[in-house]
Structure formats: structure tokens, C-alpha cells
Amino acid sequence: MARSWLEVTTGEVQSRLETNDRLSERRAAMAEQAWSMIDGWVAEVFQSAAERIGRREFRVAGDSEYAVARCGIYAPGAVEHDPRVAFHEAEFDGYQPLVVLRRKAEGAGAPVQTRTLRVSALDEAALTEFLNG
């Protein structure tokens, strides 16, 4: 016996809502883990690197489409709009236990260097090594 269009559509909607709920729970767990790391020791490592490098400011950002948290040290300027601005940042993925480390030297032509780690592999030594590199 054929199912009605309404039954199929209702089932699909319910399935998607359950998937969205699971993704929301996953994102909340990733956010909790990221913020505990940032508050616990990541911010301190970035701030000590900023003092060592000089002319750097520590910034923290919350949610974006793909990340639950982002923090880093930036040279003066608007990194979003000025390709000359140097930075070091860590971005915590919203759905997978990954952190993306990015750095860029000053200058418009300087490439962005990226390193992706599992969150469990990120420790002070790995972050310090990345900041010093």
C-alpha cells in the first residue's frame, strides 16, 4: 500500500529534526571542551607569546559557522580586511574534535601556514612549538 505524501514528508522532517538535535548536542560538547581549554591554559600561552613577540594583541571570538571558538594574537589592524596583518590563531571545530592552528607573517604576500591537530593532541608544547615556528 502506498504511503501518502504527508506521511513521507512528516517522517523526513522528524528525521532531520533529530539529526539537528544531535548536531546541536555535539556542537555544545565541542564548545564546552574548547572554552575549558582556552580558559585553562591556551589563552595564557598565547598571551606570553604576544609579550615575547611584541606589538601583538590577544583576541577571543565565539561561534562562527564552522567553529565554536577562536583565539589568537594579532598585529595591529583589521585582520579580516587587511592582508598585511600578521597573526597566530587557534580555531576549534564545531563538530569534530579538531583544532586548526594558523599563522601568517606580516606582509600582503606572506602565506598562511596551517596545521590541524586533534584536540587531544593539543598541549602546551605543541602550541608553543607552533607559535615559535
# chains A, B, ... in the order shown; residues from 1 in each chain; ligands from 1

call {"tool": "select_by_dssp", "arguments": {"residues": "chain A", "states": "strand (DSSP E)", "output": "number ranges by chain"}}
result
A: 57-61, 67-74, 87-93, 98-104, 112-118

call {"tool": "residues_around", "arguments": {"residues": "Thr128 (chain A)", "least_positions_apart": "6", "cutoff": "12 Å", "atoms": "only C-alpha atoms", "output": "number ranges by chain"}}
result
A: 41-50, 52, 88-90, 101, 122

call {"tool": "write_last_selection", "arguments": {"atoms": "C-alpha atoms", "output": "compact mmCIF listing (two decimals), in the first residue's frame"}}
result
# COMPACT_ATOMS: atom_id res chain seq x y z
CA TRP A 41 45.83 27.33 29.51
CA VAL A 42 45.56 28.26 25.79
CA ALA A 43 44.97 31.97 26.47
CA GLU A 44 47.97 32.09 28.79
CA VAL A 45 50.27 30.54 26.17
CA PHE A 46 49.07 33.00 23.52
CA GLN A 47 49.46 35.97 25.86
CA SER A 48 53.02 35.01 26.82
CA ALA A 49 53.86 34.67 23.09
CA ALA A 50 52.34 38.11 22.47
CA ARG A 52 57.62 37.86 23.70
CA HIS A 88 48.72 33.37 15.12
CA GLU A 89 45.36 31.77 15.92
CA ALA A 90 43.65 28.60 17.06
CA LEU A 101 46.30 26.41 14.08
CA LEU A 122 46.96 19.92 21.56

call {"tool": "residues_around", "arguments": {"residues": "Ile73 (chain A)", "least_positions_apart": "4", "cutoff": "6 Å", "atoms": "only C-alpha atoms", "output": "list in words"}}
result
Arg56, Glu57, Phe58, Phe87 and His88 of chain A

call {"tool": "write_last_selection", "arguments": {"atoms": "C-alpha atoms", "output": "CSV table (one decimal), in the first residue's frame"}}
result
chain,number,residue,atom,x,y,z
A,56,ARG,CA,50.6,41.8,19.4
A,57,GLU,CA,47.1,41.8,20.9
A,58,PHE,CA,45.2,38.8,22.2
A,87,PHE,CA,48.6,36.7,13.3
A,88,HIS,CA,48.7,33.4,15.1

call {"tool": "select_by_dssp", "arguments": {"residues": "chain A", "states": "alpha helix (DSSP H)", "output": "count of residues only"}}
result
53

call {"tool": "closest_residue", "arguments": {"among": "A:Arg115, A:Asp93, A:Ala31, A:Glu106", "to": "Gly77 (chain A)", "atoms": "only C-alpha atoms"}}
result
A:Glu106

call {"tool": "closest_residue", "arguments": {"among": "A:Val60, A:Ala34, A:Cys71, A:Leu131", "to": "Leu98 (chain A)", "atoms": "only C-alpha atoms"}}
result
A:Ala34

call {"tool": "closest_residue", "arguments": {"among": "A:Glu51, A:Glu91, A:Glu80, A:Glu25", "to": "Val68 (chain A)", "atoms": "only C-alpha atoms"}}
result
A:Glu91

call {"tool": "atom_distance", "arguments": {"atom1": "CA of Gln14 (chain A)", "atom2": "CA of Gly62 (chain A)"}}
result
29.6 Å

call {"tool": "atom_distance", "arguments": {"atom1": "CA of Gln96 (chain A)", "atom2": "CA of Thr116 (chain A)"}}
result
11.5 Å

call {"tool": "closest_residue", "arguments": {"among": "A:Ala86, A:Glu18, A:Met30, A:Leu23", "to": "Val119 (chain A)", "atoms": "only C-alpha atoms"}}
result
A:Met30

call {"tool": "closest_residue", "arguments": {"among": "A:Leu17, A:Ala67, A:Val85, A:Leu117", "to": "Arg103 (chain A)", "atoms": "only C-alpha atoms"}}
result
A:Val85

call {"tool": "closest_residue", "arguments": {"among": "A:Leu127, A:Pro83, A:Ala28, A:Ala61", "to": "Ala110 (chain A)", "atoms": "only C-alpha atoms"}}
result
A:Pro83
